[in-house]
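S.K.: One structure is given below, represented as structure tokens, and several questions about it will come after.
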Amino acid sequence: MKLLIKHGRVVDPVNSTVSIQDLYIENGKVVQLEKDIRQEADQVIDATGLVICPGLVDMHVHLRDPGLTYKEDIFTGTAAAAHGGVTAVACMANTDPVVDSPEQIQYIKDKAAQANGVHVYPIAAVSMGMRGEEPSDADALKKAGAIALSDDGCNVDNANLMRDVMIHAKRLELPVLCHCEDTTMVEGRAVNEGSVSRQLWLEGRPAIAEEIMVMRDAMLAEETGAHVHICHVSTAKSVDIIRRMKKRGVAITCETCPQYFTLTEDEILTQGSMARVNPPLRTAKDIKGIISGLKDGTIDAIATDHAPHSAEEKARPLTDAPSGMVGLETALAVALTYLYHTGDMALSDILRRMTINPACILRLPTKGRLAIGSDGDVVIFDPDEAWTVEPNRFASKGRNTPFGGKTLRGKVKYTIVGGEIVYREGE
């Protein structure tokens with residue numbers, strides 16, 4: 001397959017450059033990137049007025065497969081990824097059964113091979129059954145194809161177990177992705193501790209529950225030398241802690257999600273359980289801190305924490321509904337709308353946090369970049385086009401998004417994996 005993309009605005013997030021160029025992909029690899037390429041091609045795309053950049057890398061996705069496929073499966077999840085310009089996803093281990101064995105890793109790889117071509121990278125559990133009692137066999141899991149360890153969805157409360165896992169992960173060169181919330185301080189609580197929880201007469205999830213565990217895992221990273229990655233950072237103080245620990249030379253990285261730089265806890269008052277996420281939506285002050293962390297590079301990546309649930313589950317009362325929202329099909333547009341079009345961040349800086357940075361964190365050397373010889377994984381989008389989020393039109397089984405009905409700017413036109421078009425707008 002020979003694919004020629006003409007006259008696009010190529011954004012290189014590695015070198016922070018923007019230029020009008022053509023892109024030629026042959027046999028799944030980028031072979032030319034320059035102006036006015038004259039080559040025979042099986043297909044030509046006119047990208048005039050559009051942005052061309054590496055396919056997005058989403059390092060935090062819940063595909064719900066195996067076992068919870070009424071919420072999502074690998075086929076629908078990768079279709080949703082393609083609709084959102086995402087060409088590589090890392091899927092979390094909180095499935096049923098938990099991904100804590102080589103057999104479960106192989107199941108994911110085999111099923112992904114039958115999907116639409118979007119790359120799926122399994123993340124294995126830190127502990128058996130994600131119970132936080134016994135470490136998983138990290139050696140066997142890495143050999144089977146796991147790219148990282150995480151009990152995301154559950155905090156590893158046992159510091160001694162986490163320390164042992166980090167020591168082992170350091171030797172295996174596996175990053176450990178940490179869900180940071182002290183279980184004893186948040187269990188059974190639906191919303192941020194603050195004005196909204198008081199209005200609703202509910203016990204809240206305090207910000208300090210996150211910040212304590214961020215500090216603990218950062219200190220364990222410093223002591224063990226392991227690479228620790230903090231998932232879904234939601235508070236300004238968490239950003240401050242990570243910033244300080246980075247300055248000390250600790251091997252720590254982190255991500256945030258679109259909801260944490262756009263929505264406050266007040267969303268709960270109008271959207272109820274649709275706005276229940278874990279960790280919870282915080283305050284305007286926290287949003288300011290998150291954006292500051294994105295701008296200065298403290299926050300390395302923007303991930304979705306794509307967490308589909310059934311309509312019946314999300315229709316339950318706030319205190320009984322599961323936490324989570326889908327994000328694969330809206331993340332790029334949300335980031336463009338709230339960071340690029342506001343003037344807070346340059347386009348290349350936003351894309352760096354959605355391409356090369358997560359690829360580097362997960363040690364995926366061929367992903368997240370556009371250069372001669374790199375994989376032909378590309379997204380082409382209109383950064384200015386306005387559209388209204390219609391969850392019923394999602395490729396994902398999940399419709400649970402607080403962005404439903406909102407107008408966003410930034411529309412994916414093509415998603416290309418290995419030189420093959422896996423999504424084209426309107427098809």
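Naming works like this for the structure tokens: A, B, ... for the chains as they're shown, residue 1 at the start of each chain, ligands 1 onward in shown order.
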Write out as a PyMOL selection string each polymer residue whose atoms come within 9 Å of A:Thr330, counting only C-alpha atoms; drop sequence neighbours fewer than 4 positions from it.
M.R.: chain A and resi 83-84+258+304+326+334-335+389+403+408
S.K.: Considering only C-alpha atoms, return as a list in words whatever protein or nucleic-acid residues lie within 7 Å of stretch 143-158 of chain A, sequence-local ones (same chain, fewer than 5 positions apart) excluded.
M.R.: Met92, Ala93, Asn94, Pro102, Ile105, Gln106, Tyr121, Pro122, Ile123, Ala124, Ala125, Val126, Ser127, Met130, Gly132, Leu174, Pro175, Val176, Leu177, Cys178, His179, Cys180, Glu181, Asp182, Thr183 and Leu362 of chain A
S.K.: Extract the full set of alpha helix (DSSP H) residues from stretch 40-266 of chain A according to DSSP on the backbone, and format it as number ranges by chain.
M.R.: A: 74-83, 102-113, 138-144, 159-172, 183-186, 195-199, 207-224, 236-247
S.K.: DSSP on the backbone, strand (DSSP E) only: what residues of stretch 283-380 of chain A does that give? Format it as a PDB file with C-alpha atoms, in the first residue's frame.
M.R.:
```
ATOM      1  CA  ALA A 301       0.716  13.236  29.149  1.00  0.00           C
ATOM      2  CA  ILE A 302      -2.963  13.701  28.437  1.00  0.00           C
ATOM      3  CA  VAL A 378      -1.113   9.301  11.386  1.00  0.00           C
ATOM      4  CA  VAL A 379      -4.104  11.426  12.308  1.00  0.00           C
ATOM      5  CA  ILE A 380      -5.376  14.183  10.033  1.00  0.00           C
TER       6      ILE A 380
END
```
S.K.: Considering only C-alpha atoms, give me a table of residues in stretch 254-351 of chain A that are at most 9 Å from stretch 199-210 of chain A, with the closest atom pair and distance in Å for each, as CSV.
M.R.:
```
residue,atom,partner,partner_atom,distance
A:Leu269,CA,A:Leu200,CA,8.7
A:Pro279,CA,A:Glu210,CA,8.0
A:Pro280,CA,A:Arg205,CA,7.3
A:Arg282,CA,A:Ala207,CA,8.0
A:Thr319,CA,A:Leu202,CA,8.8
```
S.K.: Which distance in Å separates atom CA of A:Lys2 and atom CA of A:Glu385, to one decimal?
M.R.: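 Result for atom CA of A:Lys2 versus atom CA of A:Glu385: 28.4 Å, one decimal.
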S.K.: Would you pick out the contacts of stretch 11-27 of chain A at 6 Å or less, using only C-alpha atoms, so that residues sharing its chain but fewer than 5 positions from it are not included, and give the list as an NGL selection string?
M.R.: :A and (1-6 or 32-35 or 53 or 348 or 351-352 or 419)
S.K.: Rank A:Val233, A:Asn160, A:Glu133, A:Leu281 by their smallest atom-to-atom distance to A:Ser197, using only C-alpha atoms, and report the top residue only.
M.R.: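 Using only C-alpha atoms, A:Ser197 sits closest to A:Leu281.
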S.K.: Just want the 8 Å neighbourhood of A:Tyr70, counted on only C-alpha atoms, with same-chain residues fewer than 2 positions away dropped. Output as a ChimeraX atom specification.
M.R.: /A:68,72-73,310,397
S.K.: Could you write those residues out with N, CA, C and O atoms, as a PDB file, in the first residue's frame?
M.R.:
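Full text of result-v9.pdb as output:
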```
ATOM      1  N   LEU A  68     -16.252  -8.080  30.668  1.00  0.00           N
ATOM      2  CA  LEU A  68     -17.203  -6.992  30.896  1.00  0.00           C
ATOM      3  C   LEU A  68     -17.608  -6.378  29.555  1.00  0.00           C
ATOM      4  O   LEU A  68     -17.765  -5.166  29.433  1.00  0.00           O
ATOM      5  N   GLU A  72     -17.919  -2.592  26.883  1.00  0.00           N
ATOM      6  CA  GLU A  72     -16.998  -2.319  25.773  1.00  0.00           C
ATOM      7  C   GLU A  72     -16.299  -3.621  25.441  1.00  0.00           C
ATOM      8  O   GLU A  72     -16.273  -4.557  26.266  1.00  0.00           O
ATOM      9  N   ASP A  73     -15.764  -3.729  24.244  1.00  0.00           N
ATOM     10  CA  ASP A  73     -14.876  -4.837  23.922  1.00  0.00           C
ATOM     11  C   ASP A  73     -13.737  -4.309  23.059  1.00  0.00           C
ATOM     12  O   ASP A  73     -13.704  -3.124  22.725  1.00  0.00           O
ATOM     13  N   SER A 310     -22.583   0.850  31.065  1.00  0.00           N
ATOM     14  CA  SER A 310     -23.872   0.743  30.388  1.00  0.00           C
ATOM     15  C   SER A 310     -24.773   1.905  30.787  1.00  0.00           C
ATOM     16  O   SER A 310     -24.590   2.536  31.837  1.00  0.00           O
ATOM     17  N   LYS A 397     -19.312   1.432  22.827  1.00  0.00           N
ATOM     18  CA  LYS A 397     -20.569   1.020  23.450  1.00  0.00           C
ATOM     19  C   LYS A 397     -20.977   2.002  24.544  1.00  0.00           C
ATOM     20  O   LYS A 397     -22.158   2.122  24.863  1.00  0.00           O
TER      21      LYS A 397
END
```
S.K.: Atom CA of A:Ala303 and atom CA of A:Met354, how far apart in Å?
M.R.: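 So the two atoms, atom CA of A:Met354 and atom CA of A:Ala303, lie 7.1 Å apart.
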S.K.: What does the distance between atom CA of A:Glu313 and atom CA of A:Thr270 come to in Å, to one decimal place?
M.R.: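 Atom CA of A:Thr270 lies at a distance of 17.9 Å from atom CA of A:Glu313.
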S.K.: Name all residues at most 10 Å from A:Glu267 (count only C-alpha atoms; drop same-chain ones fewer than 5 positions away) and give them as a list in words.
M.R.: Val196, Gly272, Ser273, Met274, Ala275, Arg276, Leu281, Arg282 and Pro402 of chain A
S.K.: Taking 3 positions as the minimum chain separation for residues in the same chain, which residues sit within 7 Å of A:Lys411 when counting only C-alpha atoms? Answer as a ChimeraX atom specification.
M.R.: /A:333,381-383,385
S.K.: Hey, which of A:Gln114, A:Thr87, A:Thr224, A:Gln271 ends up closest to A:Leu318? Count only C-alpha atoms.
M.R.: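 Going through A:Gln114, A:Thr87, A:Thr224, A:Gln271 one by one, the smallest distance to A:Leu318 is for A:Gln271.
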S.K.: Taking into account only C-alpha atoms, which residue in the set A:Ile108, A:Val412, A:Val214, A:Ile356 is nearest to A:Val51?
M.R.: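 The answer is A:Val412, which sits nearest to A:Val51.
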S.K.: Between A:Met128, A:Ala331, A:Leu336, A:Ile361, which one has atoms that come closest to A:Ile252, using only C-alpha atoms?
M.R.: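 Comparing A:Met128, A:Ala331, A:Leu336, A:Ile361 against A:Ile252, the winner is A:Ile361.
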S.K.: For A:Gly376, please output as a PyMOL selection string all residues within 8 Å (counting only C-alpha atoms; exclusion window: fewer than 4 positions along the same chain).
M.R.: chain A and resi 25+28-30+370+416-419
S.K.: Go ahead and save the residues from that selection, with C-alpha atoms, as a PDB file, in the first residue's frame.
M.R.:
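See result.pdb below for the written result:
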```
ATOM      1  CA  ILE A  25       3.920   6.125   3.330  1.00  0.00           C
ATOM      2  CA  GLY A  28       3.545   0.833   6.549  1.00  0.00           C
ATOM      3  CA  LYS A  29       6.495   3.199   6.986  1.00  0.00           C
ATOM      4  CA  VAL A  30       7.103   6.896   6.381  1.00  0.00           C
ATOM      5  CA  LEU A 370       6.586  11.372  12.288  1.00  0.00           C
ATOM      6  CA  ILE A 416      -4.215   5.911   9.498  1.00  0.00           C
ATOM      7  CA  VAL A 417      -2.419   2.900  10.974  1.00  0.00           C
ATOM      8  CA  GLY A 418       0.556   1.439   9.167  1.00  0.00           C
ATOM      9  CA  GLY A 419      -0.386   3.336   6.040  1.00  0.00           C
TER      10      GLY A 419
END
```
